[in-house]
Structures are given as C-alpha cells and as structure tokens.
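Peer 1: I am sharing structure-v3.pdb, which consists of PDB, C-alpha atoms:
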```pdb
ATOM      1  CA  MET A   6      74.415 111.064  62.571
ATOM      2  CA  ASN A   7      73.117 113.933  60.485
ATOM      3  CA  ASN A   8      76.371 115.238  59.073
ATOM      4  CA  PRO A   9      79.123 112.638  59.091
ATOM      5  CA  GLN A  10      81.526 115.083  57.446
ATOM      6  CA  ILE A  11      81.692 117.387  60.477
ATOM      7  CA  GLU A  12      84.872 116.680  62.377
ATOM      8  CA  LYS A  13      85.684 118.284  65.692
ATOM      9  CA  ASN A  14      88.869 118.631  67.704
ATOM     10  CA  LEU A  15      88.016 117.184  71.093
ATOM     11  CA  LEU A  16      90.081 117.454  74.252
ATOM     12  CA  PHE A  17      89.235 115.040  77.047
ATOM     13  CA  ILE A  18      90.660 116.097  80.410
ATOM     14  CA  PHE A  19      91.027 113.372  83.024
ATOM     15  CA  ARG A  20      91.318 114.638  86.583
ATOM     16  CA  GLN A  21      90.422 111.608  88.678
ATOM     17  CA  THR A  22      92.227 108.501  89.875
ATOM     18  CA  PRO A  23      91.638 105.336  87.792
ATOM     19  CA  TYR A  24      89.701 103.232  90.326
ATOM     20  CA  GLY A  25      88.182 105.338  93.124
ATOM     21  CA  ASN A  26      85.095 106.104  91.028
ATOM     22  CA  GLU A  27      83.710 105.458  87.556
ATOM     23  CA  ARG A  28      84.854 108.736  86.037
ATOM     24  CA  ALA A  29      88.108 107.583  84.462
ATOM     25  CA  LYS A  30      86.467 104.542  82.940
ATOM     26  CA  GLU A  31      83.433 106.387  81.577
ATOM     27  CA  GLY A  32      85.574 109.237  80.272
ATOM     28  CA  LEU A  33      87.855 106.867  78.418
ATOM     29  CA  ASP A  34      84.837 105.058  76.934
ATOM     30  CA  ALA A  35      83.567 108.404  75.647
ATOM     31  CA  ALA A  36      86.973 109.354  74.232
ATOM     32  CA  LEU A  37      87.361 106.007  72.440
ATOM     33  CA  ALA A  38      83.804 106.269  71.070
ATOM     34  CA  ALA A  39      84.523 109.749  69.727
ATOM     35  CA  ALA A  40      87.708 108.507  68.073
ATOM     36  CA  ALA A  41      85.840 105.524  66.623
ATOM     37  CA  PHE A  42      83.386 107.996  65.060
ATOM     38  CA  ASP A  43      86.276 109.778  63.303
ATOM     39  CA  GLN A  44      86.673 112.772  65.598
ATOM     40  CA  LYS A  45      90.133 114.125  66.413
ATOM     41  CA  VAL A  46      90.739 113.278  70.054
ATOM     42  CA  SER A  47      93.488 114.402  72.435
ATOM     43  CA  LEU A  48      93.808 113.434  76.095
ATOM     44  CA  LEU A  49      95.107 115.596  78.930
ATOM     45  CA  PHE A  50      95.819 114.009  82.301
ATOM     46  CA  ALA A  51      95.812 116.587  85.065
ATOM     47  CA  GLY A  52      95.890 116.587  88.850
ATOM     48  CA  ASP A  53      94.998 113.160  90.248
ATOM     49  CA  GLY A  54      94.383 112.033  86.640
ATOM     50  CA  LEU A  55      98.106 111.325  86.382
ATOM     51  CA  TRP A  56      97.556 108.207  88.487
ATOM     52  CA  GLN A  57      95.768 106.693  85.476
ATOM     53  CA  LEU A  58      99.165 106.503  83.759
ATOM     54  CA  CYS A  59     100.917 104.748  86.632
ATOM     55  CA  SER A  60     102.532 101.494  85.542
ATOM     56  CA  HIS A  61     102.014  98.179  87.360
ATOM     57  CA  GLN A  62      98.322  98.693  88.069
ATOM     58  CA  GLU A  63      97.133  95.572  89.862
ATOM     59  CA  VAL A  64      93.418  94.857  89.752
ATOM     60  CA  SER A  65      91.224  92.036  91.003
ATOM     61  CA  SER A  66      89.679  89.566  88.574
ATOM     62  CA  THR A  67      86.361  91.485  88.657
ATOM     63  CA  GLU A  68      87.942  94.786  87.586
ATOM     64  CA  LYS A  69      89.510  95.871  84.333
ATOM     65  CA  ASN A  70      93.035  97.227  84.112
ATOM     66  CA  HIS A  71      92.660 100.897  83.197
ATOM     67  CA  LEU A  72      96.164 101.329  81.843
ATOM     68  CA  LYS A  73      95.676  98.385  79.512
ATOM     69  CA  LYS A  74      92.576 100.046  78.107
ATOM     70  CA  LEU A  75      94.429 103.351  77.793
ATOM     71  CA  SER A  76      97.056 101.554  75.764
ATOM     72  CA  ALA A  77      94.386 100.928  73.121
ATOM     73  CA  CYS A  78      94.299 104.652  72.334
ATOM     74  CA  THR A  79      96.766 104.393  69.481
ATOM     75  CA  LEU A  80      94.608 101.689  67.865
ATOM     76  CA  TYR A  81      91.795 104.245  67.833
ATOM     77  CA  GLY A  82      94.018 106.908  66.297
ATOM     78  CA  ILE A  83      94.480 108.883  69.532
ATOM     79  CA  GLU A  84      98.115 109.924  69.335
ATOM     80  CA  ASN A  85      98.271 113.010  71.544
ATOM     81  CA  LEU A  86      98.506 112.351  75.262
ATOM     82  CA  TYR A  87      99.452 115.213  77.576
ATOM     83  CA  ILE A  88     100.327 115.487  81.252
ATOM     84  CA  TYR A  89      99.941 118.481  83.521
ATOM     85  CA  ASN A  90     100.425 118.675  87.278
ATOM     86  CA  GLU A  91     101.478 121.508  89.582
ATOM     87  CA  ASP A  92     103.900 119.150  91.364
ATOM     88  CA  PRO A  93     107.085 118.812  89.272
ATOM     89  CA  VAL A  94     108.404 115.811  91.225
ATOM     90  CA  PHE A  95     105.170 113.834  90.772
ATOM     91  CA  THR A  96     104.945 114.820  87.104
ATOM     92  CA  ASP A  97     108.515 113.780  86.443
ATOM     93  CA  TRP A  98     108.033 110.447  88.214
ATOM     94  CA  ILE A  99     104.826 109.612  86.303
ATOM     95  CA  SER A 100     106.327 110.595  82.959
ATOM     96  CA  ARG A 101     109.271 108.279  83.621
ATOM     97  CA  ILE A 102     107.277 105.218  84.699
ATOM     98  CA  CYS A 103     104.369 105.615  82.259
ATOM     99  CA  PRO A 104     104.689 103.076  79.430
ATOM    100  CA  LEU A 105     102.724 105.349  77.064
ATOM    101  CA  ASN A 106     104.183 108.217  75.095
ATOM    102  CA  CYS A 107     103.064 111.430  76.828
ATOM    103  CA  THR A 108     104.047 115.072  76.525
ATOM    104  CA  VAL A 109     104.550 117.055  79.735
ATOM    105  CA  LEU A 110     102.986 120.518  79.573
ATOM    106  CA  ASP A 111     103.384 123.667  81.633
ATOM    107  CA  ARG A 112     100.467 125.896  82.616
ATOM    108  CA  HIS A 113     100.833 128.160  79.592
ATOM    109  CA  SER A 114     100.870 125.216  77.156
ATOM    110  CA  VAL A 115      97.685 123.851  78.772
ATOM    111  CA  GLN A 116      95.951 127.166  78.030
ATOM    112  CA  ASN A 117      97.092 126.931  74.407
ATOM    113  CA  LEU A 118      95.990 123.306  74.194
ATOM    114  CA  ILE A 119      92.493 124.098  75.483
ATOM    115  CA  SER A 120      92.094 127.111  73.205
ATOM    116  CA  LYS A 121      92.911 125.151  70.053
ATOM    117  CA  HIS A 122      90.204 122.511  70.624
ATOM    118  CA  ASP A 123      86.541 122.862  69.627
ATOM    119  CA  HIS A 124      85.181 121.142  72.722
ATOM    120  CA  VAL A 125      86.663 120.280  76.098
ATOM    121  CA  LEU A 126      85.171 117.374  78.057
ATOM    122  CA  VAL A 127      86.200 117.008  81.680
ATOM    123  CA  TYR A 128      86.124 113.697  83.511
TER
ATOM    124  CA  MET B 131      74.238 129.134  68.811
ATOM    125  CA  LYS B 132      73.715 125.392  69.274
ATOM    126  CA  PHE B 133      74.539 124.099  72.767
ATOM    127  CA  THR B 134      74.830 120.620  74.210
ATOM    128  CA  LEU B 135      74.888 120.163  77.979
ATOM    129  CA  VAL B 136      76.649 117.131  79.431
ATOM    130  CA  ILE B 137      75.514 116.406  82.986
ATOM    131  CA  GLN B 138      77.735 114.088  85.003
ATOM    132  CA  SER B 139      76.527 114.883  88.497
ATOM    133  CA  SER B 140      73.815 113.319  90.592
ATOM    134  CA  PRO B 141      70.669 115.314  91.465
ATOM    135  CA  VAL B 142      71.625 115.028  95.130
ATOM    136  CA  ASN B 143      74.962 115.685  96.907
ATOM    137  CA  THR B 144      76.280 118.102  94.290
ATOM    138  CA  GLU B 145      75.190 121.349  92.677
ATOM    139  CA  GLY B 146      76.044 120.346  89.110
ATOM    140  CA  SER B 147      72.592 119.373  87.948
ATOM    141  CA  LEU B 148      70.880 122.468  89.374
ATOM    142  CA  THR B 149      73.572 124.713  87.891
ATOM    143  CA  ALA B 150      73.056 123.009  84.529
ATOM    144  CA  LEU B 151      69.293 123.539  84.734
ATOM    145  CA  ARG B 152      69.716 127.245  85.533
ATOM    146  CA  PHE B 153      72.185 127.524  82.630
ATOM    147  CA  ALA B 154      69.735 125.767  80.303
ATOM    148  CA  GLU B 155      66.936 128.140  81.355
ATOM    149  CA  ALA B 156      69.220 131.107  80.687
ATOM    150  CA  LEU B 157      70.029 129.750  77.215
ATOM    151  CA  ILE B 158      66.344 129.491  76.329
ATOM    152  CA  ALA B 159      65.661 132.954  77.783
ATOM    153  CA  ASN B 160      68.388 134.321  75.501
ATOM    154  CA  ASN B 161      67.094 132.601  72.355
ATOM    155  CA  GLN B 162      69.899 130.063  72.132
ATOM    156  CA  GLN B 163      69.319 126.549  70.876
ATOM    157  CA  ILE B 164      69.831 123.442  73.008
ATOM    158  CA  TYR B 165      70.647 120.559  70.691
ATOM    159  CA  ARG B 166      70.691 117.905  73.376
ATOM    160  CA  VAL B 167      71.045 117.321  77.108
ATOM    161  CA  PHE B 168      73.196 114.247  77.588
ATOM    162  CA  LEU B 169      73.249 112.501  80.964
ATOM    163  CA  THR B 170      76.243 110.373  81.792
ATOM    164  CA  SER B 171      78.009 109.031  84.917
ATOM    165  CA  ASP B 172      75.889 109.849  88.006
ATOM    166  CA  GLY B 173      74.002 112.362  85.845
ATOM    167  CA  VAL B 174      71.718 109.537  84.674
ATOM    168  CA  LEU B 175      70.039 109.669  88.112
ATOM    169  CA  ASN B 176      68.445 112.916  86.918
ATOM    170  CA  THR B 177      65.956 110.865  84.942
ATOM    171  CA  SER B 178      64.668 108.659  87.754
ATOM    172  CA  ALA B 179      60.951 109.401  88.032
ATOM    173  CA  LEU B 180      60.839 107.692  91.430
ATOM    174  CA  THR B 181      62.951 110.375  93.108
ATOM    175  CA  GLN B 182      61.123 111.933  96.038
ATOM    176  CA  MET B 183      62.827 114.841  97.797
ATOM    177  CA  PRO B 184      62.026 116.105 101.296
ATOM    178  CA  GLN B 185      59.615 119.029 101.385
ATOM    179  CA  GLY B 186      61.134 122.316 100.267
ATOM    180  CA  GLU B 187      64.042 120.769  98.347
ATOM    181  CA  ASN B 188      64.464 120.750  94.569
ATOM    182  CA  ASN B 189      63.357 117.579  92.821
ATOM    183  CA  LEU B 190      65.775 117.833  89.903
ATOM    184  CA  PRO B 191      64.513 114.850  87.880
ATOM    185  CA  GLU B 192      61.041 116.409  87.910
ATOM    186  CA  LEU B 193      62.388 119.880  87.133
ATOM    187  CA  TRP B 194      64.405 118.545  84.176
ATOM    188  CA  HIS B 195      61.412 116.557  82.948
ATOM    189  CA  LYS B 196      59.211 119.657  82.985
ATOM    190  CA  PHE B 197      61.893 121.851  81.400
ATOM    191  CA  ALA B 198      62.438 119.375  78.560
ATOM    192  CA  LYS B 199      58.705 119.042  77.946
ATOM    193  CA  ASP B 200      58.022 122.796  78.013
ATOM    194  CA  ASN B 201      60.902 123.596  75.658
ATOM    195  CA  HIS B 202      60.815 120.483  73.446
ATOM    196  CA  ILE B 203      64.335 119.492  74.382
ATOM    197  CA  GLU B 204      65.684 115.996  74.018
ATOM    198  CA  ILE B 205      67.210 114.444  77.133
ATOM    199  CA  VAL B 206      69.368 111.426  76.383
ATOM    200  CA  ALA B 207      70.832 109.176  79.072
ATOM    201  CA  CYS B 208      73.878 106.987  78.434
ATOM    202  CA  ILE B 209      72.526 103.454  78.470
ATOM    203  CA  SER B 210      75.494 101.718  80.074
ATOM    204  CA  ALA B 211      75.845 104.394  82.787
ATOM    205  CA  ALA B 212      72.088 104.214  83.470
ATOM    206  CA  LEU B 213      71.631 100.444  83.620
ATOM    207  CA  LYS B 214      74.491  99.903  86.037
ATOM    208  CA  ARG B 215      72.995 102.522  88.372
ATOM    209  CA  GLY B 216      69.537 100.987  88.351
ATOM    210  CA  VAL B 217      68.052 103.614  86.043
ATOM    211  CA  ILE B 218      65.995 101.740  83.465
ATOM    212  CA  ASN B 219      63.051 102.273  81.105
ATOM    213  CA  SER B 220      60.262  99.778  80.474
ATOM    214  CA  ALA B 221      61.769  98.384  77.249
ATOM    215  CA  GLU B 222      65.102  97.570  78.896
ATOM    216  CA  ALA B 223      63.329  96.286  82.019
ATOM    217  CA  ASN B 224      61.485  93.793  79.801
ATOM    218  CA  ARG B 225      64.649  92.823  77.993
ATOM    219  CA  TYR B 226      66.584  92.142  81.201
ATOM    220  CA  GLN B 227      63.546  90.719  83.019
ATOM    221  CA  LYS B 228      63.512  93.329  85.770
ATOM    222  CA  GLU B 229      60.388  93.750  87.862
ATOM    223  CA  SER B 230      59.920  97.455  87.266
ATOM    224  CA  SER B 231      61.272 100.533  85.546
ATOM    225  CA  ASN B 232      61.839 104.059  86.817
ATOM    226  CA  MET B 233      62.747 106.365  83.922
ATOM    227  CA  PHE B 234      60.603 109.204  82.641
ATOM    228  CA  ASP B 235      58.962 107.970  79.419
ATOM    229  CA  ASP B 236      60.268 110.748  77.202
ATOM    230  CA  THR B 237      63.925 110.383  78.183
ATOM    231  CA  VAL B 238      65.888 108.416  75.615
ATOM    232  CA  LEU B 239      68.366 105.680  76.523
ATOM    233  CA  ALA B 240      71.156 105.639  73.957
ATOM    234  CA  GLY B 241      74.780 104.762  73.440
ATOM    235  CA  LEU B 242      77.841 106.929  73.117
ATOM    236  CA  GLY B 243      77.082 107.414  69.414
ATOM    237  CA  GLU B 244      74.423 109.951  70.426
ATOM    238  CA  TYR B 245      77.012 111.676  72.602
ATOM    239  CA  VAL B 246      79.509 111.925  69.769
ATOM    240  CA  ASP B 247      76.739 113.111  67.444
ATOM    241  CA  ALA B 248      75.978 115.939  69.906
ATOM    242  CA  LEU B 249      79.667 116.889  70.075
ATOM    243  CA  LYS B 250      79.789 117.036  66.277
ATOM    244  CA  GLU B 251      76.612 119.012  65.781
ATOM    245  CA  SER B 252      76.981 121.579  68.567
ATOM    246  CA  ASP B 253      78.845 124.877  68.560
ATOM    247  CA  ARG B 254      79.369 124.706  72.313
ATOM    248  CA  VAL B 255      79.459 121.771  74.727
ATOM    249  CA  VAL B 256      79.321 122.512  78.447
ATOM    250  CA  CYS B 257      80.044 119.825  81.070
ATOM    251  CA  PHE B 258      78.494 119.983  84.536
ATOM    252  CA  GLY B 259      79.656 117.824  87.371
ATOM    253  CA  VAL B 260      83.358 118.063  87.959
TER
END
```
Written as structure tokens, that's how I'd like the structure from this file.
Peer 2:
Amino acid sequence: MNNPQIEKNLLFIFRQTPYGNERAKEGLDAALAAAAFDQKVSLLFAGDGLWQLCSHQEVSSTEKNHLKKLSACTLYGIENLYIYNEDPVFTDWISRICPLNCTVLDRHSVQNLISKHDHVLVY
Amino acid sequence: MKFTLVIQSSPVNTEGSLTALRFAEALIANNQQIYRVFLTSDGVLNTSALTQMPQGENNLPELWHKFAKDNHIEIVACISAALKRGVINSAEANRYQKESSNMFDDTVLAGLGEYVDALKESDRVVCFGV
C-alpha cells in the first residue's frame, strides 16, 4: 500500500444468483476486503443479484450460506445496500423478505448512485 | 491517467479477455498508464502457460504475457481464485505438494490487498467479464 490515506468510494454491483457460479462469493470477498482496507463501500443488487438477499437460503454442509456472509457487511462498516430490478413485484417481494436493511432504487437513482462513486465493480 | 483493468472472464468461451487486451493496447497507444492488470474469477485462467489453442485462434494467456513483458505491466492473479481453478505457480505448487505448476513466471499471485491497492491508486478501474 503506497498511500494509505487515499480513500475511494466504491460501488460493487451484484448481478448474479448466489450459488449458480462463483461470482457472488468472489464479489463479496472483494467488497469485504475493500471495506477492511478502509475504503467506503456500497453494494447494489440488480437483476438476478436480488436472489442473494432471499431469506431462508438452504445450503449443503459443503457450501457456505451466502446471506449469512452478507449479514457481516455491517461489521465491516458497509451500511449502504441498494436494490434495483425492472420487475416491481419481484423487487417488492425481495425487499419484504430480506432480513437486511436495503434501499429500493428506481432507474434514475441508480444513475445517480453510479455517478457519485469513484469506481464501479461489477460481479 | 492511471488505469487498472480487472479481468473476470476466461480466455475461452467469452470475449472479455480479448476485449480487455485490445483496450489495454489502446491505452498504451494513447500514452495512458496501466497501474495493474488484476485477474480474478475465471480471469485467472489467462495466466495458464499450458494453454494451447487450435490453429488460427487467439492464445490469450500468451498474448497477455507478451503484452505485459513488452510494456512492463504487472499482471496480478487473485491467489484464492487461481488455486481453486488449478492455476498455480512453482512456489505454491511446492507449498501444497502438487506435481507441477502452470503459471507464467512473471505473473504475481497475490491476495485481495493488491486488488484494493489498485482501486485506491487508480483514476479509472475497468471490469471485463460480465
């Protein structure tokens, strides 16, 4: 780390389901690492990424529960979680069953959110 | 301007890695600085020196290796993403008692700290592989 004082606003966008591939897991690892290194991190769940917030995720003993790991975000100082999906019924359902505190955004707010961050990382 | 490229896509199946390489070449041609190329997810396969493509197809690991060498650019692969996909250098192969290794010698295996460092130090970060 050359300049520890540099702090960036980072937006991680999650667009994939929690278990079909490694994306969600690796993206969350990156987001938590960034937060652990004192960067300002926000998370946006979009498209199929909303499934990561679904409650009652049942996994086998050889897998890790993604939602449980997501719940650690606040411990890492990640307070801002956002949801965006074109389907209002799906969005409403996820926001009601998700145990984490998330803000539902419309398309215009997503544009604002992206523009106010230094870097956007898509997973 | 200082750029970091994050490559998440495999050298086969998807266009992400080739697009990233073309973008990197364009940056150099336009006198921009590449701070780091970070390989993560399936992107780590871009550093497997054992990749052999059919005749007439792009061998992206070799193309990236040559590009990095010619332009003195650091390619860093995420260590956890690499090891679980069977991409390993000789030091890690020794440590885990594997029979062989397959990474290009000058590619660095590192943790997410190097990734965060690149995010901090760069003016622009561009992800390839969605």
Peer 1: Calculate how many Å separate CA of Thr22 (chain A) from CA of Gly173 (chain B), rounding to one decimal.
Peer 2: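 Between CA of Thr22 (chain A) and CA of Gly173 (chain B) the gap is 19.1 Å.
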Peer 1: Based on all atoms listed in the file, which of the residues in chain B come within 8 Å of chain A? I want them as an mmCIF file with C-alpha atoms, in the frame of the given file.
Peer 2:
```cif
data_model
loop_
_atom_site.group_PDB
_atom_site.id
_atom_site.type_symbol
_atom_site.label_atom_id
_atom_site.label_comp_id
_atom_site.auth_asym_id
_atom_site.auth_seq_id
_atom_site.Cartn_x
_atom_site.Cartn_y
_atom_site.Cartn_z
ATOM 1 C CA SER B 171 78.009 109.031 84.917
ATOM 2 C CA ALA B 211 75.845 104.394 82.787
ATOM 3 C CA LEU B 242 77.841 106.929 73.117
ATOM 4 C CA GLY B 243 77.082 107.414 69.414
ATOM 5 C CA GLU B 244 74.423 109.951 70.426
ATOM 6 C CA TYR B 245 77.012 111.676 72.602
ATOM 7 C CA VAL B 246 79.509 111.925 69.769
ATOM 8 C CA ASP B 247 76.739 113.111 67.444
ATOM 9 C CA LEU B 249 79.667 116.889 70.075
ATOM 10 C CA LYS B 250 79.789 117.036 66.277
ATOM 11 C CA GLU B 251 76.612 119.012 65.781
ATOM 12 C CA ARG B 254 79.369 124.706 72.313
ATOM 13 C CA VAL B 255 79.459 121.771 74.727
ATOM 14 C CA VAL B 256 79.321 122.512 78.447
ATOM 15 C CA CYS B 257 80.044 119.825 81.070
ATOM 16 C CA VAL B 260 83.358 118.063 87.959
#
```
Peer 1: Between B:Asn224, B:Asn160, B:Thr170, B:Ser230, which has the minimum distance to Ser210 (chain B) (counting all atoms listed in the file)?
Peer 2: B:Thr170
Peer 1: For a test of reading the model, state the distance in Å between CA of Gly216 (chain B) and CA of Lys228 (chain B), rounded to one decimal.
Peer 2: 10.1 Å
Peer 1: Report, in Å to a single decimal, how far apart CA of Thr67 (chain A) and CA of Ser178 (chain B) are.
Peer 2: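 Interatomic distance here is 27.7 Å.
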Peer 1: Return the padded bounding box of region 230-249 of chain B as JSON: axis-aligned, built from all atoms listed in the file, 8 Å added on each side, with centre and edge lengths in Å to one decimal.
Peer 2:
```
{"center_x": 69.3, "center_y": 107.2, "center_z": 77.4, "size_x": 36.7, "size_y": 35.4, "size_z": 35.8}
```
Peer 1: Report the residues retrieved by the PyMOL selection byres ((chain B and resi 177) around 9) from the displayed file, expressed as a list of chain:residue names.
Peer 2: B:Leu169, B:Gly173, B:Val174, B:Leu175, B:Asn176, B:Ser178, B:Ala179, B:Leu180, B:Thr181, B:Leu190, B:Pro191, B:Glu192, B:Trp194, B:His195, B:Ile205, B:Ala207, B:Val217, B:Asn232, B:Met233, B:Phe234, B:Thr237
Peer 1: Run the PyMOL selection byres ((chain A and resi 80-85) around 9) mentally over the shown coordinates, then write out the matched residues as a list in words, using the chain letters and numbers from the document.
Peer 2: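 Checked against the file, the PyMOL selection byres ((chain A and resi 80-85) around 9) matches Ala36, Leu37, Ala38, Ala40, Ala41, Asp43, Lys45, Val46, Ser47, Leu48, Leu49, Ser76, Ala77, Cys78, Thr79, Leu86, Tyr87, Asn106, Cys107 and Thr108 of chain A.
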Peer 1: Would you mind exporting C-alpha atoms of the selected residues as a compact mmCIF listing (two decimals), keeping the file's coordinate frame?
Peer 2:
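Dumped to part_1.txt:
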```txt
# COMPACT_ATOMS: atom_id res chain seq x y z
CA ALA A 36 86.97 109.35 74.23
CA LEU A 37 87.36 106.01 72.44
CA ALA A 38 83.80 106.27 71.07
CA ALA A 40 87.71 108.51 68.07
CA ALA A 41 85.84 105.52 66.62
CA ASP A 43 86.28 109.78 63.30
CA LYS A 45 90.13 114.12 66.41
CA VAL A 46 90.74 113.28 70.05
CA SER A 47 93.49 114.40 72.44
CA LEU A 48 93.81 113.43 76.10
CA LEU A 49 95.11 115.60 78.93
CA SER A 76 97.06 101.55 75.76
CA ALA A 77 94.39 100.93 73.12
CA CYS A 78 94.30 104.65 72.33
CA THR A 79 96.77 104.39 69.48
CA LEU A 86 98.51 112.35 75.26
CA TYR A 87 99.45 115.21 77.58
CA ASN A 106 104.18 108.22 75.10
CA CYS A 107 103.06 111.43 76.83
CA THR A 108 104.05 115.07 76.53
```
Peer 1: Name every residue that the PyMOL selection byres ((chain B and resi 162) around 12) selects in this structure, writing the answer as an NGL selection string with chains first and numbers rising.
Peer 2: :B and (131-134 or 153-161 or 163-165 or 201 or 252-254)
Peer 1: Please list as a list in words every residue within 10 Å of Gly146 (chain B), counting only C-alpha atoms and excluding residues in the same chain fewer than 3 positions away.
Peer 2: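 Everything that qualifies: Ile137, Gln138, Ser139, Ser140, Pro141, Val142, Asn143, Thr149, Ala150, Leu151, Gly173, Cys257, Phe258, Gly259 and Val260 of chain B.
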Peer 1: What's the 9 Å shell around Thr96 (chain A), counting only C-alpha atoms, without same-chain residues fewer than 6 positions away, as a list of chain:residue names?
Peer 2: A:Leu55, A:Ile88, A:Tyr89, A:Asn90, A:Val109
Peer 1: Excluding same-chain residues fewer than 6 positions from Arg101 (chain A), what lies within 10 Å of it counting only C-alpha atoms, as a list in words?
Peer 2: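 In the requested format, the answer is Cys59, Ser60, Phe95 and Cys107 of chain A.
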Peer 1: Point out the residue among B:Ile203, B:Leu213, B:Ala221, B:Cys208 with the least atom-to-atom distance to Leu239 (chain B), counting all atoms listed in the file.
Peer 2: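 Among the listed residues, B:Cys208 lies closest to Leu239 (chain B).
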Peer 1: Mind completing region 13-38 of chain A with N, CA and C atoms? Output as a PDB file, in the frame of the given file, please?
Peer 2:
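Written out: selection03.pdb:
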```pdb
ATOM      1  N   LYS A  13      85.343 117.325  64.643  1.00  0.00           N
ATOM      2  CA  LYS A  13      85.684 118.284  65.692  1.00  0.00           C
ATOM      3  C   LYS A  13      86.981 117.871  66.380  1.00  0.00           C
ATOM      4  N   ASN A  14      87.701 118.881  66.854  1.00  0.00           N
ATOM      5  CA  ASN A  14      88.869 118.631  67.704  1.00  0.00           C
ATOM      6  C   ASN A  14      88.394 118.555  69.139  1.00  0.00           C
ATOM      7  N   LEU A  15      88.529 117.385  69.744  1.00  0.00           N
ATOM      8  CA  LEU A  15      88.016 117.184  71.093  1.00  0.00           C
ATOM      9  C   LEU A  15      89.168 116.965  72.070  1.00  0.00           C
ATOM     10  N   LEU A  16      89.096 117.667  73.192  1.00  0.00           N
ATOM     11  CA  LEU A  16      90.081 117.454  74.252  1.00  0.00           C
ATOM     12  C   LEU A  16      89.369 116.864  75.462  1.00  0.00           C
ATOM     13  N   PHE A  17      89.764 115.663  75.829  1.00  0.00           N
ATOM     14  CA  PHE A  17      89.235 115.040  77.047  1.00  0.00           C
ATOM     15  C   PHE A  17      90.244 115.268  78.168  1.00  0.00           C
ATOM     16  N   ILE A  18      89.784 115.859  79.264  1.00  0.00           N
ATOM     17  CA  ILE A  18      90.660 116.097  80.410  1.00  0.00           C
ATOM     18  C   ILE A  18      90.287 115.121  81.523  1.00  0.00           C
ATOM     19  N   PHE A  19      91.254 114.350  81.950  1.00  0.00           N
ATOM     20  CA  PHE A  19      91.027 113.372  83.024  1.00  0.00           C
ATOM     21  C   PHE A  19      91.656 113.883  84.317  1.00  0.00           C
ATOM     22  N   ARG A  20      90.830 114.040  85.332  1.00  0.00           N
ATOM     23  CA  ARG A  20      91.318 114.638  86.583  1.00  0.00           C
ATOM     24  C   ARG A  20      91.152 113.723  87.786  1.00  0.00           C
ATOM     25  N   GLN A  21      90.701 112.489  87.545  1.00  0.00           N
ATOM     26  CA  GLN A  21      90.422 111.608  88.678  1.00  0.00           C
ATOM     27  C   GLN A  21      91.309 110.364  88.631  1.00  0.00           C
ATOM     28  N   THR A  22      91.442 109.736  89.796  1.00  0.00           N
ATOM     29  CA  THR A  22      92.227 108.501  89.875  1.00  0.00           C
ATOM     30  C   THR A  22      91.516 107.393  89.080  1.00  0.00           C
ATOM     31  N   PRO A  23      92.247 106.342  88.678  1.00  0.00           N
ATOM     32  CA  PRO A  23      91.638 105.336  87.792  1.00  0.00           C
ATOM     33  C   PRO A  23      90.578 104.449  88.432  1.00  0.00           C
ATOM     34  N   TYR A  24      90.606 104.239  89.752  1.00  0.00           N
ATOM     35  CA  TYR A  24      89.701 103.232  90.326  1.00  0.00           C
ATOM     36  C   TYR A  24      88.759 103.721  91.429  1.00  0.00           C
ATOM     37  N   GLY A  25      89.011 104.893  92.005  1.00  0.00           N
ATOM     38  CA  GLY A  25      88.182 105.338  93.124  1.00  0.00           C
ATOM     39  C   GLY A  25      86.725 105.544  92.754  1.00  0.00           C
ATOM     40  N   ASN A  26      86.466 105.935  91.510  1.00  0.00           N
ATOM     41  CA  ASN A  26      85.095 106.104  91.028  1.00  0.00           C
ATOM     42  C   ASN A  26      85.057 105.723  89.550  1.00  0.00           C
ATOM     43  N   GLU A  27      83.896 105.923  88.938  1.00  0.00           N
ATOM     44  CA  GLU A  27      83.710 105.458  87.556  1.00  0.00           C
ATOM     45  C   GLU A  27      84.180 106.476  86.504  1.00  0.00           C
ATOM     46  N   ARG A  28      84.565 107.651  86.961  1.00  0.00           N
ATOM     47  CA  ARG A  28      84.854 108.736  86.037  1.00  0.00           C
ATOM     48  C   ARG A  28      85.881 108.398  84.954  1.00  0.00           C
ATOM     49  N   ALA A  29      87.023 107.858  85.396  1.00  0.00           N
ATOM     50  CA  ALA A  29      88.108 107.583  84.462  1.00  0.00           C
ATOM     51  C   ALA A  29      87.646 106.608  83.378  1.00  0.00           C
ATOM     52  N   LYS A  30      86.934 105.591  83.838  1.00  0.00           N
ATOM     53  CA  LYS A  30      86.467 104.542  82.940  1.00  0.00           C
ATOM     54  C   LYS A  30      85.448 105.113  81.935  1.00  0.00           C
ATOM     55  N   GLU A  31      84.485 105.860  82.454  1.00  0.00           N
ATOM     56  CA  GLU A  31      83.433 106.387  81.577  1.00  0.00           C
ATOM     57  C   GLU A  31      83.983 107.459  80.636  1.00  0.00           C
ATOM     58  N   GLY A  32      84.956 108.231  81.126  1.00  0.00           N
ATOM     59  CA  GLY A  32      85.574 109.237  80.272  1.00  0.00           C
ATOM     60  C   GLY A  32      86.351 108.612  79.129  1.00  0.00           C
ATOM     61  N   LEU A  33      87.073 107.546  79.452  1.00  0.00           N
ATOM     62  CA  LEU A  33      87.855 106.867  78.418  1.00  0.00           C
ATOM     63  C   LEU A  33      86.928 106.201  77.392  1.00  0.00           C
ATOM     64  N   ASP A  34      85.827 105.626  77.862  1.00  0.00           N
ATOM     65  CA  ASP A  34      84.837 105.058  76.934  1.00  0.00           C
ATOM     66  C   ASP A  34      84.342 106.128  75.960  1.00  0.00           C
ATOM     67  N   ALA A  35      84.064 107.309  76.496  1.00  0.00           N
ATOM     68  CA  ALA A  35      83.567 108.404  75.647  1.00  0.00           C
ATOM     69  C   ALA A  35      84.635 108.838  74.644  1.00  0.00           C
ATOM     70  N   ALA A  36      85.884 108.930  75.119  1.00  0.00           N
ATOM     71  CA  ALA A  36      86.973 109.354  74.232  1.00  0.00           C
ATOM     72  C   ALA A  36      87.185 108.341  73.105  1.00  0.00           C
ATOM     73  N   LEU A  37      87.160 107.051  73.464  1.00  0.00           N
ATOM     74  CA  LEU A  37      87.361 106.007  72.440  1.00  0.00           C
ATOM     75  C   LEU A  37      86.188 105.998  71.454  1.00  0.00           C
ATOM     76  N   ALA A  38      84.971 106.219  71.966  1.00  0.00           N
ATOM     77  CA  ALA A  38      83.804 106.269  71.070  1.00  0.00           C
ATOM     78  C   ALA A  38      83.939 107.426  70.085  1.00  0.00           C
TER      79      ALA A  38
END
```
